[in-house]
Structures are given as structure tokens and as C-alpha cells.
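Undergrad: The following file, work.pdb, comprises PDB, C-alpha atoms:
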```
ATOM      1  CA  MET A   1      11.045 196.894 -50.175
ATOM      2  CA  SER A   2      12.019 193.371 -49.099
ATOM      3  CA  LEU A   3      11.205 194.338 -45.506
ATOM      4  CA  VAL A   4       7.761 195.527 -46.590
ATOM      5  CA  ALA A   5       7.077 192.268 -48.459
ATOM      6  CA  ARG A   6       8.018 190.307 -45.348
ATOM      7  CA  HIS A   7       5.746 192.434 -43.168
ATOM      8  CA  LEU A   8       2.712 192.036 -45.464
ATOM      9  CA  GLU A   9       3.300 188.320 -45.838
ATOM     10  CA  ALA A  10       3.625 187.789 -42.083
ATOM     11  CA  ASP A  11       0.138 189.275 -41.766
ATOM     12  CA  GLY A  12      -1.228 186.835 -44.369
ATOM     13  CA  LEU A  13      -1.062 189.058 -47.483
ATOM     14  CA  PRO A  14       0.740 187.256 -50.348
ATOM     15  CA  THR A  15       3.392 189.323 -52.177
ATOM     16  CA  VAL A  16       5.694 189.214 -55.151
ATOM     17  CA  ILE A  17       8.651 191.542 -55.746
ATOM     18  CA  MET A  18       9.867 192.530 -59.227
ATOM     19  CA  GLY A  19      13.476 193.632 -59.047
ATOM     20  CA  CYS A  20      17.013 193.798 -60.440
ATOM     21  CA  ALA A  21      19.210 193.486 -57.303
ATOM     22  CA  LYS A  22      19.282 189.732 -56.826
ATOM     23  CA  ASP A  23      21.837 189.516 -54.038
ATOM     24  CA  ILE A  24      20.264 192.241 -51.867
ATOM     25  CA  VAL A  25      16.720 190.850 -52.099
ATOM     26  CA  GLU A  26      17.785 187.250 -51.486
ATOM     27  CA  HIS A  27      20.093 188.291 -48.639
ATOM     28  CA  CYS A  28      17.081 189.792 -46.864
ATOM     29  CA  GLY A  29      14.902 186.785 -47.669
ATOM     30  CA  VAL A  30      11.518 187.326 -49.337
ATOM     31  CA  PRO A  31       8.580 185.061 -50.178
ATOM     32  CA  ARG A  32       8.484 185.499 -53.993
ATOM     33  CA  PHE A  33      10.848 187.321 -56.355
ATOM     34  CA  LEU A  34      10.850 187.829 -60.115
ATOM     35  CA  PHE A  35      14.418 188.785 -60.943
ATOM     36  CA  SER A  36      15.295 190.650 -64.138
ATOM     37  CA  ASP A  37      19.036 190.744 -64.863
ATOM     38  CA  PHE A  38      18.813 194.375 -65.991
ATOM     39  CA  PRO A  39      20.453 197.613 -64.783
ATOM     40  CA  LEU A  40      18.810 199.020 -61.640
ATOM     41  CA  GLY A  41      15.776 201.092 -62.593
ATOM     42  CA  ASN A  42      14.245 198.518 -64.942
ATOM     43  CA  SER A  43      12.408 196.209 -62.541
ATOM     44  CA  ALA A  44       9.285 196.259 -64.726
ATOM     45  CA  GLY A  45      10.915 195.663 -68.136
ATOM     46  CA  ARG A  46      13.053 197.256 -70.833
ATOM     47  CA  PRO A  47      12.514 200.931 -71.785
ATOM     48  CA  GLY A  48      10.333 201.446 -74.839
ATOM     49  CA  ASP A  49       9.693 197.704 -75.117
ATOM     50  CA  VAL A  50       6.059 197.004 -74.290
ATOM     51  CA  GLU A  51       6.442 193.279 -74.964
ATOM     52  CA  SER A  52       9.197 192.946 -72.389
ATOM     53  CA  GLN A  53       7.085 194.896 -69.880
ATOM     54  CA  ALA A  54       4.114 192.587 -70.504
ATOM     55  CA  LEU A  55       6.243 189.464 -70.131
ATOM     56  CA  THR A  56       7.841 190.786 -66.932
ATOM     57  CA  LEU A  57       4.426 191.362 -65.342
ATOM     58  CA  GLU A  58       3.102 187.991 -66.522
ATOM     59  CA  LEU A  59       6.102 186.192 -65.019
ATOM     60  CA  ALA A  60       5.639 188.022 -61.713
ATOM     61  CA  LEU A  61       1.953 187.042 -61.651
ATOM     62  CA  ARG A  62       2.851 183.416 -62.285
ATOM     63  CA  VAL A  63       5.373 183.506 -59.449
ATOM     64  CA  LEU A  64       2.653 184.958 -57.210
ATOM     65  CA  GLU A  65       0.265 182.157 -58.184
ATOM     66  CA  SER A  66       2.581 179.184 -58.183
ATOM     67  CA  ALA A  67       5.539 179.634 -55.796
ATOM     68  CA  PRO A  68       5.626 176.447 -53.698
ATOM     69  CA  ALA A  69       7.449 177.976 -50.711
ATOM     70  CA  ALA A  70       9.216 181.090 -49.417
ATOM     71  CA  ARG A  71      12.458 182.261 -51.120
ATOM     72  CA  THR A  72      11.145 181.389 -54.568
ATOM     73  CA  THR A  73      13.188 183.318 -57.147
ATOM     74  CA  VAL A  74      12.443 183.090 -60.848
ATOM     75  CA  GLN A  75      14.842 184.762 -63.275
ATOM     76  CA  SER A  76      13.349 186.373 -66.363
ATOM     77  CA  PRO A  77      14.769 184.880 -69.573
ATOM     78  CA  LEU A  78      15.151 188.380 -71.052
ATOM     79  CA  ARG A  79      18.660 189.770 -71.515
ATOM     80  CA  TRP A  80      19.572 193.456 -71.362
ATOM     81  CA  SER A  81      21.988 193.055 -74.256
ATOM     82  CA  ASP A  82      24.014 190.303 -75.909
ATOM     83  CA  ASP A  83      27.161 191.803 -74.412
ATOM     84  CA  ALA A  84      27.249 191.584 -70.592
ATOM     85  CA  ALA A  85      29.953 194.293 -70.265
ATOM     86  CA  TRP A  86      27.424 196.690 -68.677
ATOM     87  CA  LYS A  87      27.602 194.597 -65.504
ATOM     88  CA  LEU A  88      31.207 195.681 -64.923
ATOM     89  CA  ASP A  89      30.416 199.386 -64.584
ATOM     90  CA  PHE A  90      28.147 199.837 -61.541
ATOM     91  CA  SER A  91      30.100 201.437 -58.634
ATOM     92  CA  ASN A  92      33.208 199.684 -59.870
ATOM     93  CA  LEU A  93      36.261 201.405 -58.386
ATOM     94  CA  GLU A  94      38.575 199.577 -60.733
ATOM     95  CA  ARG A  95      36.993 201.548 -63.549
ATOM     96  CA  MET A  96      37.266 204.981 -61.883
ATOM     97  CA  THR A  97      40.125 207.493 -61.748
ATOM     98  CA  PRO A  98      41.187 209.038 -58.384
ATOM     99  CA  GLU A  99      39.594 212.305 -59.574
ATOM    100  CA  GLN A 100      36.282 210.550 -60.234
ATOM    101  CA  ILE A 101      36.415 208.918 -56.807
ATOM    102  CA  ALA A 102      37.053 212.299 -55.141
ATOM    103  CA  GLU A 103      34.154 213.793 -57.083
ATOM    104  CA  ARG A 104      31.850 210.950 -56.011
ATOM    105  CA  ARG A 105      32.847 211.531 -52.419
ATOM    106  CA  ARG A 106      31.992 215.209 -52.655
ATOM    107  CA  GLU A 107      28.615 214.384 -54.245
ATOM    108  CA  PHE A 108      27.887 211.760 -51.628
ATOM    109  CA  ASP A 109      28.514 214.202 -48.750
ATOM    110  CA  GLU A 110      26.256 216.747 -50.395
ATOM    111  CA  ILE A 111      23.462 214.186 -50.931
ATOM    112  CA  LYS A 112      23.715 212.973 -47.345
ATOM    113  CA  ALA A 113      23.472 216.520 -46.016
ATOM    114  CA  ILE A 114      20.353 217.268 -48.108
ATOM    115  CA  ALA A 115      18.682 213.992 -47.103
ATOM    116  CA  LYS A 116      19.491 214.599 -43.428
ATOM    117  CA  SER A 117      18.000 218.095 -43.376
ATOM    118  CA  LYS A 118      14.890 216.910 -45.259
ATOM    119  CA  ARG A 119      14.427 213.928 -42.974
ATOM    120  CA  GLU A 120      14.695 216.108 -39.885
ATOM    121  CA  ALA A 121      12.199 218.563 -41.340
ATOM    122  CA  SER A 122       9.658 215.864 -42.235
TER
ATOM    123  CA  MET B   1      25.176 177.030 -77.178
ATOM    124  CA  ALA B   2      28.298 179.121 -76.486
ATOM    125  CA  PRO B   3      29.416 179.448 -72.860
ATOM    126  CA  ALA B   4      28.826 182.843 -71.183
ATOM    127  CA  ALA B   5      31.544 185.278 -70.051
ATOM    128  CA  GLU B   6      32.779 184.884 -66.455
ATOM    129  CA  HIS B   7      31.371 188.292 -65.482
ATOM    130  CA  ASP B   8      27.957 187.487 -66.973
ATOM    131  CA  VAL B   9      26.300 186.916 -63.596
ATOM    132  CA  PRO B  10      23.898 189.054 -61.537
ATOM    133  CA  ILE B  11      25.874 192.086 -60.312
ATOM    134  CA  PRO B  12      27.205 191.508 -56.758
ATOM    135  CA  TYR B  13      25.758 194.797 -55.473
ATOM    136  CA  MET B  14      26.576 194.222 -51.804
ATOM    137  CA  GLN B  15      30.231 193.478 -52.513
ATOM    138  CA  ARG B  16      30.570 196.367 -54.990
ATOM    139  CA  THR B  17      28.908 198.805 -52.629
ATOM    140  CA  ARG B  18      30.943 197.666 -49.620
ATOM    141  CA  GLU B  19      34.213 198.203 -51.488
ATOM    142  CA  TYR B  20      32.974 201.490 -52.860
ATOM    143  CA  TYR B  21      31.992 202.946 -49.478
ATOM    144  CA  LEU B  22      35.219 201.693 -47.924
ATOM    145  CA  LYS B  23      37.262 203.499 -50.569
ATOM    146  CA  LEU B  24      35.224 206.661 -50.040
ATOM    147  CA  GLY B  25      35.913 206.414 -46.325
ATOM    148  CA  TYR B  26      32.456 205.530 -45.057
ATOM    149  CA  PRO B  27      31.484 202.720 -42.697
ATOM    150  CA  ALA B  28      30.098 199.531 -44.222
ATOM    151  CA  TYR B  29      26.329 199.299 -44.634
ATOM    152  CA  ARG B  30      24.616 196.233 -43.189
ATOM    153  CA  TRP B  31      21.860 194.981 -45.431
ATOM    154  CA  ALA B  32      18.804 193.423 -43.857
ATOM    155  CA  HIS B  33      19.272 189.693 -43.417
ATOM    156  CA  PHE B  34      16.942 187.049 -42.002
ATOM    157  CA  ALA B  35      17.038 183.284 -41.739
ATOM    158  CA  ASP B  36      13.258 182.899 -41.578
ATOM    159  CA  VAL B  37      10.950 184.047 -44.352
ATOM    160  CA  PRO B  38       7.155 184.263 -43.948
ATOM    161  CA  PHE B  39       4.926 182.727 -46.604
ATOM    162  CA  ALA B  40       1.205 183.201 -47.192
ATOM    163  CA  PRO B  41      -0.296 181.128 -50.025
ATOM    164  CA  LEU B  42      -2.490 182.937 -52.549
ATOM    165  CA  THR B  43      -5.961 181.624 -51.757
ATOM    166  CA  THR B  44      -7.997 183.706 -54.241
ATOM    167  CA  PRO B  45      -7.502 182.911 -57.949
ATOM    168  CA  LEU B  46      -5.849 185.936 -59.600
ATOM    169  CA  ALA B  47      -8.749 186.339 -62.027
ATOM    170  CA  ARG B  48     -10.918 187.166 -59.018
ATOM    171  CA  ALA B  49      -8.246 188.791 -56.823
ATOM    172  CA  ARG B  50      -7.694 192.452 -56.072
ATOM    173  CA  LEU B  51      -4.030 193.367 -56.446
ATOM    174  CA  ALA B  52      -2.226 196.201 -54.658
ATOM    175  CA  LEU B  53       0.780 197.967 -56.214
ATOM    176  CA  ILE B  54       3.597 199.316 -54.041
ATOM    177  CA  THR B  55       6.392 201.437 -55.526
ATOM    178  CA  THR B  56       9.498 203.270 -54.353
ATOM    179  CA  ALA B  57       9.037 205.922 -57.050
ATOM    180  CA  ALA B  58       8.337 209.496 -55.901
ATOM    181  CA  PRO B  59       5.574 211.880 -56.987
ATOM    182  CA  TYR B  60       6.973 214.589 -59.267
ATOM    183  CA  ARG B  61       7.245 217.893 -57.427
ATOM    184  CA  PRO B  62       8.091 221.087 -59.285
ATOM    185  CA  GLY B  63      10.632 223.168 -57.407
ATOM    186  CA  VAL B  64      12.884 220.429 -56.026
ATOM    187  CA  GLY B  65      15.258 220.180 -58.954
ATOM    188  CA  ASP B  66      15.732 217.948 -61.962
ATOM    189  CA  GLN B  67      13.671 214.744 -61.712
ATOM    190  CA  GLY B  68      13.568 213.922 -65.414
ATOM    191  CA  PRO B  69      15.396 211.406 -67.577
ATOM    192  CA  ARG B  70      19.189 211.455 -66.968
ATOM    193  CA  ALA B  71      18.763 213.609 -63.840
ATOM    194  CA  PRO B  72      21.657 213.281 -61.393
ATOM    195  CA  TYR B  73      20.878 211.715 -58.021
ATOM    196  CA  ASN B  74      18.367 214.098 -56.434
ATOM    197  CA  ALA B  75      18.082 213.706 -52.670
ATOM    198  CA  ALA B  76      15.712 216.707 -52.501
ATOM    199  CA  ALA B  77      13.094 214.670 -54.397
ATOM    200  CA  LYS B  78      12.952 211.998 -51.684
ATOM    201  CA  PHE B  79       9.840 211.457 -49.564
ATOM    202  CA  TYR B  80       9.648 210.284 -45.979
ATOM    203  CA  ARG B  81       6.038 209.254 -45.493
ATOM    204  CA  VAL B  82       3.915 206.629 -47.203
ATOM    205  CA  TYR B  83       1.741 208.222 -49.900
ATOM    206  CA  SER B  84      -1.109 206.921 -52.075
ATOM    207  CA  GLU B  85      -2.236 207.766 -55.610
ATOM    208  CA  PRO B  86      -5.259 206.563 -57.623
ATOM    209  CA  THR B  87      -4.731 203.642 -60.020
ATOM    210  CA  ASP B  88      -7.419 204.492 -62.588
ATOM    211  CA  THR B  89      -5.068 207.038 -64.195
ATOM    212  CA  ILE B  90      -1.259 207.087 -64.438
ATOM    213  CA  PRO B  91       0.262 209.361 -61.773
ATOM    214  CA  ASP B  92       3.527 211.157 -62.557
ATOM    215  CA  LEU B  93       6.061 209.220 -60.500
ATOM    216  CA  ARG B  94       9.848 209.568 -60.931
ATOM    217  CA  ILE B  95      13.017 207.822 -59.726
ATOM    218  CA  SER B  96      15.641 210.609 -59.591
ATOM    219  CA  HIS B  97      15.774 210.143 -55.784
ATOM    220  CA  VAL B  98      17.200 206.596 -55.881
ATOM    221  CA  GLY B  99      20.459 205.039 -57.031
ATOM    222  CA  TYR B 100      19.412 203.446 -60.292
ATOM    223  CA  ASP B 101      22.048 202.607 -62.911
ATOM    224  CA  ARG B 102      22.753 206.033 -64.380
ATOM    225  CA  VAL B 103      25.340 204.711 -66.818
ATOM    226  CA  HIS B 104      23.173 202.148 -68.547
ATOM    227  CA  THR B 105      19.644 203.463 -68.156
ATOM    228  CA  THR B 106      18.120 206.900 -68.617
ATOM    229  CA  ALA B 107      14.751 206.721 -66.825
ATOM    230  CA  ASP B 108      12.858 208.048 -69.835
ATOM    231  CA  ASP B 109      10.141 205.361 -69.795
ATOM    232  CA  PRO B 110       8.135 205.251 -66.527
ATOM    233  CA  ASN B 111       6.835 201.793 -67.484
ATOM    234  CA  THR B 112      10.236 200.360 -66.566
ATOM    235  CA  TRP B 113       9.655 201.140 -62.881
ATOM    236  CA  LEU B 114       5.856 201.485 -62.640
ATOM    237  CA  PRO B 115       3.946 198.616 -64.308
ATOM    238  CA  LEU B 116       0.609 200.388 -63.895
ATOM    239  CA  ALA B 117      -0.348 200.507 -67.591
ATOM    240  CA  GLN B 118       0.437 196.783 -67.843
ATOM    241  CA  LEU B 119      -1.637 196.090 -64.728
ATOM    242  CA  GLN B 120      -4.588 198.052 -66.126
ATOM    243  CA  GLY B 121      -4.293 195.935 -69.277
ATOM    244  CA  ALA B 122      -4.169 192.726 -67.242
ATOM    245  CA  VAL B 123      -7.412 193.701 -65.486
ATOM    246  CA  LYS B 124      -9.054 194.466 -68.831
ATOM    247  CA  ALA B 125      -7.904 191.083 -70.172
ATOM    248  CA  GLY B 126      -9.351 189.302 -67.129
ATOM    249  CA  ARG B 127      -5.928 188.084 -65.944
ATOM    250  CA  ILE B 128      -6.396 189.938 -62.639
ATOM    251  CA  GLY B 129      -9.784 190.520 -61.009
ATOM    252  CA  ALA B 130      -9.153 194.149 -60.095
ATOM    253  CA  LEU B 131      -6.522 196.648 -59.071
ATOM    254  CA  ALA B 132      -6.765 198.186 -55.625
ATOM    255  CA  PRO B 133      -8.084 201.736 -56.073
ATOM    256  CA  ARG B 134      -4.794 203.248 -54.845
ATOM    257  CA  LEU B 135      -1.124 202.477 -55.320
ATOM    258  CA  HIS B 136       1.171 203.168 -52.392
ATOM    259  CA  GLY B 137       4.627 204.727 -52.173
ATOM    260  CA  ALA B 138       7.264 203.255 -49.856
ATOM    261  CA  PRO B 139       9.929 205.692 -48.571
ATOM    262  CA  THR B 140      13.542 204.711 -49.346
ATOM    263  CA  ASN B 141      15.644 206.857 -47.082
ATOM    264  CA  ARG B 142      14.826 205.547 -43.654
ATOM    265  CA  SER B 143      16.615 203.232 -41.347
ATOM    266  CA  GLN B 144      15.595 199.575 -41.482
ATOM    267  CA  ARG B 145      14.019 200.124 -38.068
ATOM    268  CA  VAL B 146      11.777 202.912 -39.396
ATOM    269  CA  THR B 147      10.835 200.767 -42.407
ATOM    270  CA  MET B 148       9.858 197.861 -40.169
ATOM    271  CA  GLU B 149       8.187 199.812 -37.376
ATOM    272  CA  THR B 150       6.541 202.699 -39.241
ATOM    273  CA  ASP B 151       6.384 202.400 -43.026
ATOM    274  CA  ALA B 152       5.639 198.674 -43.457
ATOM    275  CA  PRO B 153       2.732 198.697 -40.952
ATOM    276  CA  GLU B 154       1.310 201.807 -42.659
ATOM    277  CA  LEU B 155       1.558 200.137 -46.090
ATOM    278  CA  LEU B 156      -0.129 197.019 -44.725
ATOM    279  CA  ARG B 157      -2.935 199.101 -43.227
ATOM    280  CA  ARG B 158      -3.557 200.854 -46.555
ATOM    281  CA  CYS B 159      -3.536 197.550 -48.502
ATOM    282  CA  ARG B 160      -6.048 196.100 -46.039
ATOM    283  CA  ASP B 161      -8.232 199.236 -46.199
ATOM    284  CA  ASP B 162      -8.297 198.796 -49.981
ATOM    285  CA  GLY B 163      -9.380 195.158 -49.676
ATOM    286  CA  ALA B 164      -6.286 193.792 -51.433
ATOM    287  CA  ASP B 165      -5.857 190.017 -51.759
ATOM    288  CA  ALA B 166      -2.181 190.250 -52.769
ATOM    289  CA  ALA B 167       0.510 192.864 -53.448
ATOM    290  CA  LEU B 168       3.029 193.499 -56.220
ATOM    291  CA  LEU B 169       6.094 195.370 -54.947
ATOM    292  CA  VAL B 170       8.342 197.146 -57.409
ATOM    293  CA  PRO B 171      11.564 198.695 -56.076
ATOM    294  CA  SER B 172      13.242 201.165 -58.422
TER
END
```
Now, as a test, write the supplied structure out as C-alpha cells.
TA:
Amino acid sequence: MSLVARHLEADGLPTVIMGCAKDIVEHCGVPRFLFSDFPLGNSAGRPGDVESQALTLELALRVLESAPAARTTVQSPLRWSDDAAWKLDFSNLERMTPEQIAERRREFDEIKAIAKSKREAS
Amino acid sequence: MAPAAEHDVPIPYMQRTREYYLKLGYPAYRWAHFADVPFAPLTTPLARARLALITTAAPYRPGVGDQGPRAPYNAAAKFYRVYSEPTDTIPDLRISHVGYDRVHTTADDPNTWLPLAQLQGAVKAGRIGALAPRLHGAPTNRSQRVTMETDAPELLRRCRDDGADAALLVPS
């Protein structure tokens, strides 16, 4: 998505990204970015929380209007939970047993094979 | 104000994923990385601007497996070409085809990845002039080369055809 934002912007179309993967988006380099420090999948706000979804959009719109230069990141003040322990879980090998790792590997191979056959058929 | 825990920082996804793939025996992925970043100022006030919405969510398709809340990663639900859907209703778009955080989120509220209802409200409230008549879907399972050479130009063309003044991009 960062690559798309860059392409639109290079053609003169202003963009703002709403997202949760701060390092990946900033590593690519984008014009404007509203970062929510939430689990991946919640770029537009917290589930079942209309107020958080409204605030997330409003912040993104303000970033779109007021960013002074490229690589402007604004972090939403919202927190996923008071306890930040959820951040330790994502793809964290230290928290997985050898059996879980083997299972993930099997799943990954299966997913890759499906995606490959679909891509070739498309 | 109490100090925060050491681990209370944005998740280092690139580092986690690198270590993860290495352990699984796969070669390291190279994320896109540029020194220069383009910038186009917004020249139309938002209250008069037409905003495009771009998503990585996928249209729901019966027959390609579980795409609902808590669905396992579903590669069969992926799409490989840019698609468009009208923005005057709420299309049924899902995220089972991407690697969202399946431990800490369930994907049971589409408003967490598709801010279309909020955008419709913002138009009604006069915060945004208008929504482009279509939202556009960006494929997620292509090489960076295909994204840059095929998908991004197609998305740009559709935004221009719709007369958009700016675009909101929401990866899931």
C-alpha cells in the first residue's frame, strides 16, 4: 500500500495512509501516515467502538490537510489496552513450542502453494 | 505519569518477521525502501474535495472457504487484479486473505479495516466534499515490481477517472 501511495503522490494526487505497521510503512517512505498502535487488522479503529473509528478518520483527515512535508507520521493517542503485553505475541518465536513452529511451517507451505496456483491462473 | 514498559513500543514487524522466516527455513524478505519520498500538497480544501478510498480488503466470495471472523489465513480468498465497488452502499469486504493479528483481533467488525461508514458520515457532516463514486481494491500478493508497474498505475487511473482530489489508503 505504501508503494501505491508513493505512485499516486508522484503523479500529484495527495494521499494519507491509515495503518498499524509503523516500521514497514516508514521503511518504505510515504508522504503522510496516521499510525494506530493497534494489532494488525485495526487500521481504521477499535472493533465495536464507533468513537475510536471516528477519531481515527478525523486524525487521518487532519494529517492529509496539514502535513508540512513528506514522511509525516502522526500517532493516534488511542491505546489498544492498558497492558501492552499483546505486543509480545505477534510471530514471536520465543513464545512458540517446536511443535507450533513445525505446524506454522506446514501451514505456510500450504498457503504458498495455493497462492502460487491462484496467481498463475489469474 | 508512570513510565511505560520497555516492550511498550510499536511492534518491530520487520525484525520479528525476519527471525520468524529464518527459523522456518525461508529466505529473508526485503521490504520496499526508498530514500526519496514524493509529496503533493492538498490544494483543494477537504470540505470541497472528492476523496478516494483504497483498501486491501477482498470482496467476499462464497465457495473459497472461511472468510469470516476468526477465519484462519485463507490464501484462496486473495485477489490479483484491482477491483472497484460503489461507495454509496457498504460492500461486503473481508480480510481473511491477509496476515492480520489473529491472536489479538477477530475481524468481526468491518469498520476496523474499511472506514466507509465513517467516510459517508463525514460527507454528510460537510467535513469532506464528496466520496469518489467507487472504492478500489489493491492486490496484496504480488511482487513489489507488479505493484509498482501494474497495480499502482491502474489504481491511479481509476482515481483520476473518478475525479478524486486526494486518496485515503487503508491497508489491512
Undergrad: Name all residues at most 8 Å from Thr140 (chain B) (count all atoms listed in the file; drop same-chain ones fewer than 6 positions away) and give them as a ChimeraX atom specification.
TA: /B:56,78-80,98
Undergrad: Determine the residue set returned by the PyMOL selection byres ((chain B and resi 37) around 8) for the present structure, and present it as a PyMOL selection string.
TA: (chain A and resi 6+29-31+70-71) or (chain B and resi 34-36+38-39)
Undergrad: Which one of B:Pro91, B:Pro110, B:Pro133, B:Gly63 sits closest to chain A if you count all atoms listed in the file?
TA: B:Pro110
Undergrad: So what do you get for CA of Asp92 (chain B) versus CA of Tyr60 (chain B), distance-wise?
TA: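 These two atoms are separated by 5.9 Å.
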Undergrad: Taking all atoms listed in the file into account, which residues of chain B are within 7 Å of chain A, as JSON, numbers by chain?
TA: {"B": [8, 10, 11, 12, 13, 14, 16, 17, 20, 24, 32, 33, 34, 37, 38, 39, 40, 41, 42, 75, 76, 80, 100, 101, 104, 105, 109, 111, 112, 113, 114, 115, 118, 148, 152, 156, 165, 166, 167, 168, 169, 170, 171, 172]}
Undergrad: Convert the output of the PyMOL selection byres ((chain B and resi 128) around 10) on the shown file into explicit residues, formatted as a list in words.
TA: Leu61 of chain A; Pro45, Leu46, Ala47, Arg48, Ala49, Arg50, Leu51, Leu119, Gln120, Gly121, Ala122, Val123, Lys124, Ala125, Gly126, Arg127, Gly129, Ala130 and Leu131 of chain B
Undergrad: Mind giving me the straight-line distance from CA of Val103 (chain B) to CA of Glu19 (chain B) in Å, one decimal?
TA: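 One can read the CA of Val103 (chain B) to CA of Glu19 (chain B) distance as 18.9 Å.
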